[in-house]
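Below is start34.cif, holding mmCIF, C-alpha atoms.
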data_target
loop_
_atom_site.label_atom_id
_atom_site.label_comp_id
_atom_site.auth_asym_id
_atom_site.auth_seq_id
_atom_site.Cartn_x
_atom_site.Cartn_y
_atom_site.Cartn_z
CA MET P 1 -38.32 -22.71 1.82
CA ARG P 2 -37.71 -18.97 1.59
CA GLU P 3 -38.84 -17.20 -1.57
CA TYR P 4 -36.79 -14.32 -2.99
CA LYS P 5 -38.05 -11.38 -4.99
CA THR P 6 -36.17 -10.64 -8.20
CA ILE P 7 -34.66 -7.14 -8.25
CA SER P 8 -34.40 -6.59 -11.97
CA ILE P 9 -33.14 -3.75 -14.13
CA ASP P 10 -36.74 -3.01 -15.13
CA HIS P 11 -37.64 -2.62 -11.47
CA ILE P 12 -34.65 -0.34 -10.77
CA SER P 13 -35.25 1.78 -13.87
CA LYS P 14 -38.56 2.88 -12.31
CA LEU P 15 -36.60 4.44 -9.43
CA VAL P 16 -34.59 6.86 -11.58
CA HIS P 17 -35.33 10.05 -13.45
CA HIS P 18 -33.41 12.46 -15.65
CA GLN P 19 -32.06 15.69 -14.23
CA GLY P 20 -30.32 17.43 -17.09
CA LYS P 21 -27.96 14.92 -18.67
CA GLN P 22 -27.67 12.84 -15.52
CA LEU P 23 -29.82 10.12 -13.98
CA VAL P 24 -30.89 10.61 -10.37
CA GLY P 25 -32.18 7.77 -8.22
CA THR P 26 -34.89 7.81 -5.57
CA PHE P 27 -34.57 5.59 -2.53
CA ASN P 28 -36.89 6.05 0.46
CA ASP P 29 -36.64 9.76 1.30
CA TYR P 30 -33.43 10.42 -0.61
CA HIS P 31 -32.30 11.44 -4.07
CA LEU P 32 -29.08 9.73 -5.16
CA HIS P 33 -26.54 11.44 -7.43
CA THR P 34 -23.36 10.08 -8.98
CA ALA P 35 -20.07 11.72 -8.07
CA VAL P 36 -16.64 10.66 -9.32
CA GLN P 37 -13.18 11.14 -7.88
CA PRO P 38 -10.18 10.79 -10.23
CA ILE P 39 -7.47 8.21 -9.63
CA PHE P 40 -4.00 9.09 -10.91
CA SER P 41 -1.04 6.99 -11.98
CA LEU P 42 2.12 8.52 -10.57
CA ALA P 43 4.32 7.14 -13.34
CA HIS P 44 1.98 8.27 -16.13
CA LYS P 45 1.27 11.60 -14.42
CA ARG P 46 -2.39 11.49 -15.43
CA VAL P 47 -5.85 10.17 -14.65
CA VAL P 48 -6.31 6.43 -15.22
CA GLY P 49 -9.65 5.91 -13.51
CA TYR P 50 -12.51 7.28 -11.44
CA GLU P 51 -14.13 5.98 -8.29
CA ALA P 52 -17.91 6.27 -8.41
CA LEU P 53 -19.40 7.65 -5.20
CA VAL P 54 -22.93 8.46 -4.08
CA ARG P 55 -23.95 11.98 -3.15
CA VAL P 56 -27.24 12.22 -1.31
CA LYS P 57 -29.98 14.83 -1.14
CA ALA P 58 -32.98 14.70 1.13
CA ILE P 59 -36.28 15.05 -0.66
CA LYS P 60 -36.22 18.74 0.32
CA GLU P 61 -33.09 19.10 -1.87
CA LYS P 62 -30.68 19.49 1.02
CA TRP P 63 -27.34 17.68 0.67
CA VAL P 64 -26.76 15.21 3.50
CA SER P 65 -23.89 12.91 4.39
CA PRO P 66 -23.87 9.54 2.56
CA ALA P 67 -23.49 8.01 6.01
CA GLU P 68 -27.07 9.08 6.73
CA LEU P 69 -28.16 6.92 3.82
CA PHE P 70 -25.96 3.89 4.41
CA ASN P 71 -26.07 3.76 8.22
CA ASN P 72 -29.81 3.11 8.30
CA ARG P 73 -30.95 -0.39 9.15
CA TYR P 74 -32.34 -1.97 6.04
CA THR P 75 -33.90 -5.29 5.27
CA GLU P 76 -31.92 -7.64 3.08
CA VAL P 77 -34.10 -6.73 0.09
CA GLN P 78 -33.58 -3.00 0.67
CA SER P 79 -29.80 -3.42 0.94
CA ILE P 80 -29.60 -5.32 -2.34
CA LEU P 81 -31.90 -2.80 -4.01
CA LEU P 82 -29.78 0.16 -2.82
CA ASP P 83 -26.55 -1.47 -4.01
CA ARG P 84 -27.97 -2.23 -7.45
CA LEU P 85 -29.55 1.20 -7.78
CA CYS P 86 -26.19 2.87 -7.09
CA ARG P 87 -24.36 0.78 -9.68
CA PHE P 88 -27.17 1.33 -12.19
CA LEU P 89 -26.80 5.10 -11.75
CA HIS P 90 -23.01 5.11 -11.83
CA ILE P 91 -22.62 3.13 -15.04
CA HIS P 92 -25.35 5.05 -16.88
CA ASN P 93 -23.94 8.39 -15.75
CA PHE P 94 -20.33 7.42 -16.44
CA THR P 95 -21.20 6.65 -20.05
CA SER P 96 -21.94 10.36 -20.47
CA LEU P 97 -18.30 11.24 -19.79
CA GLU P 98 -16.14 11.99 -22.76
CA ASP P 99 -13.83 9.18 -21.74
CA ASP P 100 -13.63 5.86 -23.55
CA LEU P 101 -10.40 4.66 -21.98
CA ASN P 102 -10.15 4.89 -18.20
CA TRP P 103 -11.43 2.64 -15.43
CA LEU P 104 -14.62 3.00 -13.40
CA PHE P 105 -14.23 1.80 -9.80
CA LEU P 106 -17.49 0.42 -8.36
CA ASN P 107 -18.09 -0.64 -4.77
CA VAL P 108 -20.02 -3.84 -4.14
CA SER P 109 -21.69 -4.06 -0.74
CA PRO P 110 -21.02 -7.02 1.57
CA GLN P 111 -24.76 -7.75 1.58
CA THR P 112 -24.68 -8.13 -2.21
CA ILE P 113 -21.69 -10.46 -1.99
CA ILE P 114 -23.49 -12.64 0.53
CA ASN P 115 -27.05 -12.63 -0.82
CA GLY P 116 -27.08 -10.92 -4.22
CA LYS P 117 -27.44 -14.05 -6.33
CA ASN P 118 -30.72 -14.87 -4.57
CA TYR P 119 -32.38 -11.85 -6.19
CA GLY P 120 -31.83 -12.67 -9.83
CA GLY P 121 -29.23 -11.64 -12.38
CA PHE P 122 -28.41 -7.97 -12.73
CA PHE P 123 -24.89 -6.91 -13.55
CA THR P 124 -24.38 -8.87 -16.76
CA GLU P 125 -27.63 -7.50 -18.15
CA LEU P 126 -26.70 -3.97 -17.04
CA LEU P 127 -23.43 -4.12 -18.99
CA GLU P 128 -25.19 -5.51 -22.03
CA LYS P 129 -27.86 -2.79 -22.02
CA THR P 130 -25.41 0.07 -21.45
CA ARG P 131 -22.77 -1.48 -23.74
CA PHE P 132 -20.19 -0.53 -21.16
CA PRO P 133 -17.00 -2.64 -21.57
CA SER P 134 -16.44 -4.93 -18.59
CA HIS P 135 -12.65 -4.54 -18.89
CA ARG P 136 -13.00 -0.90 -17.84
CA ILE P 137 -14.71 -1.78 -14.56
CA VAL P 138 -12.85 -2.32 -11.30
CA ILE P 139 -15.00 -4.04 -8.70
CA GLU P 140 -14.04 -2.93 -5.19
CA ILE P 141 -14.47 -5.57 -2.49
CA VAL P 142 -14.65 -3.76 0.84
CA GLU P 143 -12.54 -5.21 3.65
CA TYR P 144 -15.43 -6.66 5.65
CA PRO P 145 -15.66 -9.80 7.85
CA ILE P 146 -17.38 -12.15 5.39
CA GLU P 147 -17.13 -15.56 7.02
CA ASP P 148 -18.12 -17.60 3.95
CA ASN P 149 -14.87 -17.48 1.98
CA ASP P 150 -16.25 -19.84 -0.67
CA LEU P 151 -19.09 -17.41 -1.34
CA LEU P 152 -16.64 -14.51 -1.52
CA LEU P 153 -14.44 -16.44 -3.97
CA GLU P 154 -17.52 -17.32 -6.03
CA THR P 155 -18.51 -13.64 -6.23
CA VAL P 156 -15.00 -12.55 -7.22
CA ASP P 157 -14.87 -15.32 -9.83
CA PHE P 158 -18.18 -14.11 -11.30
CA TYR P 159 -16.89 -10.57 -11.87
CA ARG P 160 -13.52 -11.80 -13.08
CA LYS P 161 -15.15 -14.06 -15.68
CA LEU P 162 -17.13 -11.05 -16.89
CA GLY P 163 -13.78 -9.41 -17.62
CA CYS P 164 -13.71 -6.96 -14.70
CA LEU P 165 -10.68 -6.17 -12.58
CA ILE P 166 -10.85 -6.88 -8.84
CA ALA P 167 -9.71 -4.48 -6.13
CA ILE P 168 -9.51 -4.95 -2.36
CA ASP P 169 -10.65 -1.72 -0.69
CA ASP P 170 -9.57 -0.24 2.67
CA PHE P 171 -6.59 -2.58 3.12
CA GLY P 172 -4.84 -1.76 6.39
CA ALA P 173 -8.01 -0.93 8.30
CA GLY P 174 -10.40 -3.05 10.30
CA HIS P 175 -10.59 -6.62 9.02
CA SER P 176 -7.91 -6.47 6.34
CA ASN P 177 -5.34 -9.24 6.19
CA PHE P 178 -2.94 -10.85 3.76
CA ASP P 179 -4.85 -14.13 3.89
CA ARG P 180 -7.60 -12.50 1.82
CA ILE P 181 -5.00 -11.18 -0.62
CA TRP P 182 -3.60 -14.69 -1.17
CA LYS P 183 -7.07 -16.14 -1.72
CA LEU P 184 -8.67 -13.45 -3.87
CA ASN P 185 -5.57 -12.57 -5.89
CA PRO P 186 -6.79 -9.00 -6.59
CA ASP P 187 -5.54 -6.90 -9.47
CA ILE P 188 -5.42 -3.76 -7.30
CA VAL P 189 -5.13 -3.22 -3.55
CA LYS P 190 -6.32 0.11 -2.15
CA LEU P 191 -4.44 1.10 1.01
CA ASP P 192 -6.65 2.74 3.58
CA ARG P 193 -6.02 6.40 4.34
CA SER P 194 -5.07 5.46 7.91
CA MET P 195 -1.82 3.97 6.62
CA VAL P 196 -0.54 7.17 5.00
CA VAL P 197 -1.74 9.21 8.00
CA GLY P 198 0.16 6.85 10.29
CA ALA P 199 3.25 7.16 8.09
CA THR P 200 2.98 10.94 8.38
CA GLU P 201 2.98 10.76 12.16
CA ASP P 202 5.36 7.87 12.83
CA LYS P 203 8.76 7.33 11.17
CA LYS P 204 8.60 3.58 11.81
CA ILE P 205 5.34 3.25 9.90
CA ARG P 206 6.82 5.39 7.11
CA LYS P 207 9.75 2.97 6.79
CA VAL P 208 7.52 -0.11 6.90
CA LEU P 209 5.02 1.17 4.33
CA GLY P 210 7.41 0.56 1.43
CA GLY P 211 7.84 -3.05 2.57
CA ILE P 212 4.07 -3.58 2.61
CA VAL P 213 3.78 -2.14 -0.90
CA SER P 214 6.64 -4.35 -2.09
CA LEU P 215 4.97 -7.45 -0.62
CA LEU P 216 1.67 -6.57 -2.30
CA HIS P 217 3.51 -6.12 -5.61
CA GLN P 218 4.99 -9.59 -5.18
CA THR P 219 1.46 -11.02 -4.99
CA GLY P 220 0.83 -9.57 -8.44
CA ALA P 221 -1.28 -6.60 -7.32
CA LEU P 222 -0.95 -2.95 -8.25
CA VAL P 223 -1.22 -0.65 -5.24
CA LEU P 224 -3.33 2.48 -4.80
CA VAL P 225 -3.20 4.71 -1.74
CA GLU P 226 -6.31 6.74 -1.03
CA GLY P 227 -6.96 9.78 1.11
CA ILE P 228 -3.92 11.81 0.04
CA GLU P 229 -4.50 15.33 1.37
CA SER P 230 -1.08 17.01 1.45
CA LYS P 231 2.23 17.32 -0.33
CA GLU P 232 3.96 15.44 2.50
CA GLN P 233 1.59 12.50 2.09
CA THR P 234 2.24 12.61 -1.65
CA MET P 235 5.99 12.33 -0.99
CA ILE P 236 5.33 9.37 1.32
CA ALA P 237 3.30 7.70 -1.43
CA MET P 238 6.17 8.32 -3.89
CA GLU P 239 8.73 6.88 -1.45
CA SER P 240 6.65 3.77 -0.76
CA GLY P 241 6.46 2.80 -4.42
CA VAL P 242 2.66 2.82 -4.85
CA ASP P 243 1.30 2.91 -8.37
CA PHE P 244 -1.81 5.05 -8.00
CA VAL P 245 -3.00 7.89 -5.76
CA GLN P 246 -6.38 9.30 -4.89
CA GLY P 247 -7.37 12.12 -2.57
CA TYR P 248 -8.26 15.76 -2.05
CA PHE P 249 -4.68 16.89 -2.77
CA PHE P 250 -5.20 15.84 -6.38
CA ALA P 251 -8.93 16.26 -6.95
CA ARG P 252 -12.12 16.22 -4.90
CA PRO P 253 -15.18 14.16 -5.84
CA THR P 254 -17.57 16.03 -8.11
CA THR P 255 -21.11 15.56 -9.38
CA GLU P 256 -20.26 17.72 -12.43
CA LEU P 257 -19.12 14.74 -14.43
CA ASN P 258 -18.19 16.49 -17.65
CA LYS P 259 -16.52 19.49 -16.08
CA PRO P 260 -12.79 19.56 -16.98
CA LEU P 261 -10.43 18.91 -14.08
CA ASP P 262 -8.76 22.09 -12.94
CA ASN P 263 -6.33 23.24 -10.26
CA LEU P 264 -4.51 19.91 -10.44
CA PRO P 265 -1.08 19.79 -8.79
CA SER P 266 1.82 19.69 -11.21
CA PHE P 267 3.18 16.15 -11.49
CA ASP P 268 6.38 17.56 -12.98
CA ASN P 269 6.88 19.62 -9.81
CA ILE P 270 6.01 16.62 -7.62
CA PHE P 271 8.62 14.49 -9.36
CA GLU P 272 11.18 17.28 -9.26
CA ASP P 273 10.69 17.66 -5.49
CA TYR P 274 10.87 13.91 -5.00
CA LYS P 275 14.07 13.55 -7.04
CA ASN P 276 15.66 16.46 -5.16
CA ASN P 277 14.72 14.87 -1.83
CA ILE P 278 16.21 11.54 -2.87
CA LEU P 279 19.39 13.24 -4.12
CA VAL P 280 19.80 15.09 -0.82
CA GLN P 281 19.19 11.90 1.18
CA GLU P 282 21.69 9.90 -0.88
CA THR P 283 24.29 12.68 -0.67
CA ASN P 284 23.85 12.95 3.10
CA SER P 285 23.95 9.19 3.48
CA LYS P 286 27.11 8.86 1.40
CA SER P 287 28.76 11.64 3.38
CA THR P 288 27.68 10.12 6.68
CA TYR P 289 28.93 6.62 5.99
CA GLN P 290 32.17 7.65 4.32
CA HIS P 291 33.07 9.04 7.73
CA TYR P 292 33.62 5.42 8.84
CA TYR P 293 35.95 4.48 5.98
CA PRO P 294 39.25 5.57 7.63
CA LYS P 295 38.29 3.71 10.81
CA PHE P 296 37.54 0.61 8.76
CA GLU P 297 40.96 0.85 7.14
CA ILE P 298 42.67 1.12 10.52
CA THR P 299 40.75 -1.89 11.84
CA ILE P 300 41.48 -3.97 8.74
CA ASN P 301 45.22 -3.12 8.85
CA ASN P 302 45.27 -4.18 12.50
CA LEU P 303 43.59 -7.48 11.62
CA ILE P 304 46.04 -8.11 8.76
CA LYS P 305 48.88 -7.59 11.24
CA GLY P 306 47.41 -10.35 13.37
CA LYS P 307 45.68 -8.38 16.11
CA ALA P 308 42.61 -9.87 17.74
CA LEU P 309 39.30 -8.29 16.75
CA ASP P 310 38.63 -6.72 20.16
CA ASP P 311 41.98 -4.88 19.97
CA ALA P 312 41.79 -4.13 16.24
CA CYS P 313 38.41 -2.36 16.26
CA GLN P 314 38.83 0.08 19.15
CA ASP P 315 38.74 3.11 16.82
CA LEU P 316 35.42 1.93 15.40
CA LEU P 317 33.93 1.17 18.80
CA ALA P 318 34.91 4.63 20.04
CA ASP P 319 32.26 6.09 17.72
CA ASP P 320 29.00 6.66 19.60
CA THR P 321 26.87 5.18 16.82
CA VAL P 322 28.76 1.85 16.57
CA MET P 323 27.19 -0.94 18.62
CA ARG P 324 29.21 -4.03 17.69
CA CYS P 325 31.89 -5.42 15.37
CA TYR P 326 32.26 -8.96 14.06
CA LEU P 327 34.26 -10.87 11.48
CA LEU P 328 32.83 -13.22 8.84
CA MET P 329 34.15 -15.76 6.39
CA THR P 330 33.01 -15.24 2.78
CA ASP P 331 30.52 -18.11 3.21
CA GLY P 332 28.81 -16.20 6.03
CA LEU P 333 30.20 -18.05 9.05
CA GLN P 334 31.17 -15.78 11.94
CA VAL P 335 34.76 -16.03 13.14
CA GLY P 336 34.93 -15.75 16.93
CA ASN P 337 32.69 -13.70 19.19
CA THR P 338 31.06 -10.34 18.58
CA VAL P 339 32.81 -7.38 20.16
CA LEU P 340 30.36 -4.97 21.80
CA ALA P 341 30.75 -1.26 22.40
CA ASP P 342 30.65 -0.31 26.08
CA SER P 343 27.39 1.56 25.55
CA ILE P 344 25.72 -1.65 24.35
CA PHE P 345 27.52 -4.00 26.75
CA ASN P 346 26.29 -2.04 29.75
CA LYS P 347 22.74 -1.69 28.44
CA ASN P 348 22.21 -5.05 26.78
CA ASP P 349 18.64 -6.23 27.23
CA ILE P 350 18.84 -9.37 29.37
CA ARG P 351 15.62 -10.66 27.78
CA PHE P 352 17.55 -11.35 24.56
CA LYS P 353 20.51 -13.06 26.23
CA PRO P 354 19.93 -16.36 24.35
CA LEU P 355 20.89 -14.52 21.14
CA GLU P 356 24.14 -12.94 22.35
CA ASP P 357 26.61 -15.70 21.48
CA ALA P 358 27.02 -15.51 17.68
CA ASN P 359 30.28 -17.48 17.35
CA SER P 360 29.93 -19.70 14.24
CA ALA P 361 26.55 -18.15 13.40
CA ASP P 362 25.81 -18.14 9.66
CA TRP P 363 24.98 -14.72 8.20
CA PHE P 364 25.05 -15.73 4.53
CA ARG P 365 21.41 -14.66 4.11
CA ARG P 366 22.32 -11.07 4.94
CA HIS P 367 22.65 -8.75 1.94
CA TYR P 368 25.52 -6.84 3.55
CA LEU P 369 27.69 -9.97 3.35
CA ARG P 370 26.95 -10.75 -0.27
CA LYS P 371 27.40 -7.10 -1.32
CA ALA P 372 30.80 -7.01 0.38
CA VAL P 373 31.90 -10.22 -1.36
CA LEU P 374 30.83 -8.86 -4.74
CA HIS P 375 32.64 -5.53 -4.18
CA PRO P 376 35.96 -6.23 -2.42
CA GLU P 377 37.64 -3.43 -0.46
CA GLN P 378 34.59 -1.16 -0.88
CA LEU P 379 32.53 -0.03 2.07
CA GLN P 380 28.98 -1.39 1.82
CA VAL P 381 25.96 0.01 3.67
CA SER P 382 22.84 -2.05 4.34
CA GLU P 383 19.26 -0.85 4.52
CA PRO P 384 17.93 -0.50 8.10
CA TYR P 385 16.80 -3.86 9.46
CA LEU P 386 16.00 -5.58 12.76
CA SER P 387 19.10 -7.12 14.30
CA ILE P 388 18.42 -10.58 15.67
CA THR P 389 21.24 -10.28 18.20
CA GLY P 390 19.53 -7.44 20.04
CA ALA P 391 16.08 -7.02 18.52
CA HIS P 392 16.70 -3.40 17.58
CA MET P 393 16.97 -1.51 14.31
CA CYS P 394 20.46 -1.12 12.87
CA VAL P 395 22.45 -0.49 9.71
CA THR P 396 25.43 -2.73 8.95
CA LEU P 397 28.64 -1.51 7.34
CA SER P 398 30.72 -4.24 5.72
CA MET P 399 33.93 -4.62 3.74
CA MET P 400 35.78 -7.66 2.37
CA PHE P 401 39.57 -7.70 2.59
CA SER P 402 42.43 -10.15 2.12
CA THR P 403 44.48 -11.66 4.96
CA PRO P 404 47.26 -14.27 4.95
CA SER P 405 44.56 -16.78 6.02
CA GLY P 406 42.18 -15.86 3.18
CA TYR P 407 39.38 -13.38 2.63
CA ARG P 408 37.42 -11.99 5.56
CA VAL P 409 34.48 -9.56 5.86
CA LEU P 410 34.56 -6.95 8.62
CA CYS P 411 31.12 -5.86 9.78
CA CYS P 412 29.93 -3.27 12.25
CA ASP P 413 26.37 -2.44 13.28
CA LEU P 414 25.23 1.13 13.74
CA ASN P 415 22.34 2.14 15.95
CA VAL P 416 19.60 3.84 13.89
CA GLU P 417 16.86 3.96 16.55
#

Would you kindly transcribe this structure into structure tokens?
Amino acid sequence: MREYKTISIDHISKLVHHQGKQLVGTFNDYHLHTAVQPIFSLAHKRVVGYEALVRVKAIKEKWVSPAELFNNRYTEVQSILLDRLCRFLHIHNFTSLEDDLNWLFLNVSPQTIINGKNYGGFFTELLEKTRFPSHRIVIEIVEYPIEDNDLLLETVDFYRKLGCLIAIDDFGAGHSNFDRIWKLNPDIVKLDRSMVVGATEDKKIRKVLGGIVSLLHQTGALVLVEGIESKEQTMIAMESGVDFVQGYFFARPTTELNKPLDNLPSFDNIFEDYKNNILVQETNSKSTYQHYYPKFEITINNLIKGKALDDACQDLLADDTVMRCYLLMTDGLQVGNTVLADSIFNKNDIRFKPLEDANSADWFRRHYLRKAVLHPEQLQVSEPYLSITGAHMCVTLSMMFSTPSGYRVLCCDLNVE
């Protein structure tokens, strides 16, 4: 049977020394320093936490990349020792900050999650000796392929019972998936920088990002996006509805733990720019879609007079952006066939032919129907969504009106691709 060596606080304390007010660790040929990077709440417009990071010097006092430290191949004992040494340093050094409120984010290595308990207790004793409140600690679980889910759940449960918050780190990169979110039920999810970079470069990703944030919120998690480096990325974070931000645009990591934060961007200016952007978008959107109102009126008057839909909606279909028109009952059932614009009819993707016939289809689940029923004779505009009848992105305009046969809802889909 394998024997394990206990890696205790007493053992780790022999690997640190004071340098000014800070503790510095020694591991192999490196000196380890604590750095912190602030985490900001957008709504509160202030710091609410700090992520603890390692900054590394070679023995000759030359700063080197942390990757040089962590990319070495270590034995299991060395990996556990390095992880515990880092957390020992971070908590001791963080207690020197003049901050008795905000969170400390601590990374826990996958090796510690898998094998840490074999090397004796550590973290509970560390909190007791430093008298650091567990409720101010956020344990970051890196998105890493840990096959033993029971062991992962056991580790998360240990920290949660201590009173710590749990965060999933690097979500959206590598091995991240929603299955782990469901199982671990984290308090905070940190979106990987690649997601905001992708949203900067691709409009589709930018539109989807808000949906991902909304889904994470529905699991009960707050959402933090890291790696924000520009004003544009800040606006994307604002649009997506994330709660917290972290990145060079706001503040860089620093080893000068008690130095006041300076050169911070103005949150008042950020919010002012965001509100102005939203106002412009809403004004443009309202102006754009009101353009269709007269054509809707003409179509509805034609329908009230008894004209068939394909004759009644010619003015609408003449618009280059309109793809199709269809008529619904107030319970969502489609009346008759969909009328296609020539541009769509001639270019319809034959691969989706099984979805073309929508006669008697039930669209009650669509928000554009319910909004129209709640607001009669007012033009309603949906959010962009994927149309099942053609597998492309569209916006639906809808309006409920009265006919001699009862209420009907006229709908038309606009191409937004």

Original post:
Which residue, P:Ile12, P:Ala43, P:Ala35, P:Leu104, has the smallest gap to Asp83 in chain P when you use only C-alpha atoms?
Top reply: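 Smallest distance to Asp83 in chain P is found for P:Ile12.
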
Original post:
Quick one: residues within 10 Å of Met400 in chain P, only C-alpha atoms counted, chain neighbours fewer than 2 positions away excluded, as a PyMOL selection string?
Top reply: chain P and resi 300+327-330+369-380+398+402-403+407-411

Output file for the residues above (C-alpha atoms, as a compact mmCIF listing (two decimals), in the frame of the given file):
# COMPACT_ATOMS: atom_id res chain seq x y z
CA ILE P 300 41.48 -3.97 8.74
CA LEU P 327 34.26 -10.87 11.48
CA LEU P 328 32.83 -13.22 8.84
CA MET P 329 34.15 -15.76 6.39
CA THR P 330 33.01 -15.24 2.78
CA LEU P 369 27.69 -9.97 3.35
CA ARG P 370 26.95 -10.75 -0.27
CA LYS P 371 27.40 -7.10 -1.32
CA ALA P 372 30.80 -7.01 0.38
CA VAL P 373 31.90 -10.22 -1.36
CA LEU P 374 30.83 -8.86 -4.74
CA HIS P 375 32.64 -5.53 -4.18
CA PRO P 376 35.96 -6.23 -2.42
CA GLU P 377 37.64 -3.43 -0.46
CA GLN P 378 34.59 -1.16 -0.88
CA LEU P 379 32.53 -0.03 2.07
CA GLN P 380 28.98 -1.39 1.82
CA SER P 398 30.72 -4.24 5.72
CA SER P 402 42.43 -10.15 2.12
CA THR P 403 44.48 -11.66 4.96
CA TYR P 407 39.38 -13.38 2.63
CA ARG P 408 37.42 -11.99 5.56
CA VAL P 409 34.48 -9.56 5.86
CA LEU P 410 34.56 -6.95 8.62
CA CYS P 411 31.12 -5.86 9.78

Subject >> Phe296 in chain P surroundings by all atoms listed in the file, 10 Å radius, close-in-sequence under 2 positions cut, as a list in words >> reply: Gln290, His291, Tyr292, Tyr293, Pro294, Ile298, Thr299, Ile300, Asn301, Asn302, Ala312, Cys313, Asp315, Leu316, Leu379, Leu397, Ser398, Met399, Leu410, Cys411 and Cys412 of chain P

Subject >> Reference answer for the PyMOL selection byres ((chain P and resi 341) around 7), as a list in words >> reply: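 Output from the PyMOL selection byres ((chain P and resi 341) around 7), applied to this file: Leu317, Val322, Met323, Arg324, Val339, Leu340, Asp342, Ser343, Ile344 and Phe345 of chain P.
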
If we count all atoms listed in the file and set the cut-off at 12 Å, which residues sit around Asp99 in chain P, ignoring sequence neighbours fewer than 6 positions away in its own chain? Please answer as an mmCIF file with C-alpha atoms, in the frame of the given file.
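Output below, filename out-v3.cif:
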data_model
loop_
_atom_site.group_PDB
_atom_site.id
_atom_site.type_symbol
_atom_site.label_atom_id
_atom_site.label_comp_id
_atom_site.auth_asym_id
_atom_site.auth_seq_id
_atom_site.Cartn_x
_atom_site.Cartn_y
_atom_site.Cartn_z
ATOM 1 C CA VAL P 47 -5.850 10.170 -14.650
ATOM 2 C CA VAL P 48 -6.310 6.430 -15.220
ATOM 3 C CA GLY P 49 -9.650 5.910 -13.510
ATOM 4 C CA TYR P 50 -12.510 7.280 -11.440
ATOM 5 C CA ASN P 93 -23.940 8.390 -15.750
ATOM 6 C CA PHE P 132 -20.190 -0.530 -21.160
ATOM 7 C CA ARG P 136 -13.000 -0.900 -17.840
ATOM 8 C CA LEU P 257 -19.120 14.740 -14.430
ATOM 9 C CA ASN P 258 -18.190 16.490 -17.650
ATOM 10 C CA PRO P 260 -12.790 19.560 -16.980
#

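With only C-alpha atoms as the atoms that count, the minimum distance from Phe88 in chain P to the choices P:Arg55, P:His392, P:Lys129, P:Lys45 is reached by P:Lys129.
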
Original post:
What separation in Å, quoted to one decimal, exists between CA of Asp202 in chain P and CA of Ala167 in chain P?
Top reply: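 Spanning CA of Asp202 in chain P to CA of Ala167 in chain P is a straight-line distance of 27.2 Å.
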
For the file shown, what are the residues hit by the PyMOL selection byres ((chain P and resi 40) around 12), laid out as a compact mmCIF listing (two decimals) with C-alpha atoms, in the frame of the given file?
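For reference, selection.txt as written:
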# COMPACT_ATOMS: atom_id res chain seq x y z
CA GLN P 37 -13.18 11.14 -7.88
CA PRO P 38 -10.18 10.79 -10.23
CA ILE P 39 -7.47 8.21 -9.63
CA SER P 41 -1.04 6.99 -11.98
CA LEU P 42 2.12 8.52 -10.57
CA ALA P 43 4.32 7.14 -13.34
CA HIS P 44 1.98 8.27 -16.13
CA LYS P 45 1.27 11.60 -14.42
CA ARG P 46 -2.39 11.49 -15.43
CA VAL P 47 -5.85 10.17 -14.65
CA VAL P 48 -6.31 6.43 -15.22
CA GLY P 49 -9.65 5.91 -13.51
CA TYR P 50 -12.51 7.28 -11.44
CA GLU P 51 -14.13 5.98 -8.29
CA ASN P 102 -10.15 4.89 -18.20
CA TRP P 103 -11.43 2.64 -15.43
CA VAL P 223 -1.22 -0.65 -5.24
CA LEU P 224 -3.33 2.48 -4.80
CA VAL P 225 -3.20 4.71 -1.74
CA GLU P 226 -6.31 6.74 -1.03
CA ILE P 228 -3.92 11.81 0.04
CA THR P 234 2.24 12.61 -1.65
CA VAL P 242 2.66 2.82 -4.85
CA ASP P 243 1.30 2.91 -8.37
CA PHE P 244 -1.81 5.05 -8.00
CA VAL P 245 -3.00 7.89 -5.76
CA GLN P 246 -6.38 9.30 -4.89
CA GLY P 247 -7.37 12.12 -2.57
CA TYR P 248 -8.26 15.76 -2.05
CA PHE P 249 -4.68 16.89 -2.77
CA PHE P 250 -5.20 15.84 -6.38
CA ALA P 251 -8.93 16.26 -6.95
CA LEU P 264 -4.51 19.91 -10.44
CA PRO P 265 -1.08 19.79 -8.79
CA PHE P 267 3.18 16.15 -11.49

List every residue of range 31-144 of chain P that has an atom at most 12 Å from any atom of range 170-192 of chain P, giving for each one its closest atom pair and the distance in Å to one decimal, counting all atoms listed in the file, sorted by chain and then by ascending residue number, as a tab-separated table.
residue	atom	partner	partner_atom	distance
P:Ile39	CA	P:Lys190	CA	11.1
P:Glu51	CA	P:Lys190	CA	11.5
P:Trp103	CA	P:Ile188	CA	12.0
P:Phe105	CA	P:Ile188	CA	10.7
P:Asn107	CA	P:Asp170	CA	11.3
P:Ile137	CA	P:Asp187	CA	11.7
P:Val138	CA	P:Ile188	CA	8.6
P:Ile139	CA	P:Ile188	CA	9.7
P:Glu140	CA	P:Lys190	CA	8.8
P:Ile141	CA	P:Asp170	CA	8.9
P:Val142	CA	P:Asp170	CA	6.4
P:Glu143	CA	P:Ser176	CA	5.5
P:Tyr144	CA	P:His175	CA	5.9

**OP:** Check what the PyMOL selection byres ((chain P and resi 155-165) around 6) selects in the file above and give those residues as a PyMOL selection string.
**Re:** chain P and resi 134-135+137-138+152-154+166

Keeping only C-alpha atoms, take the residues you just selected and write them out as a short mmCIF file (atom, residue, chain, number, x, y, z; two decimals), keeping the file's coordinate frame.
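Saved as part_10.cif:
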data_model
loop_
_atom_site.label_atom_id
_atom_site.label_comp_id
_atom_site.auth_asym_id
_atom_site.auth_seq_id
_atom_site.Cartn_x
_atom_site.Cartn_y
_atom_site.Cartn_z
CA SER P 134 -16.44 -4.93 -18.59
CA HIS P 135 -12.65 -4.54 -18.89
CA ILE P 137 -14.71 -1.78 -14.56
CA VAL P 138 -12.85 -2.32 -11.30
CA LEU P 152 -16.64 -14.51 -1.52
CA LEU P 153 -14.44 -16.44 -3.97
CA GLU P 154 -17.52 -17.32 -6.03
CA ILE P 166 -10.85 -6.88 -8.84
#
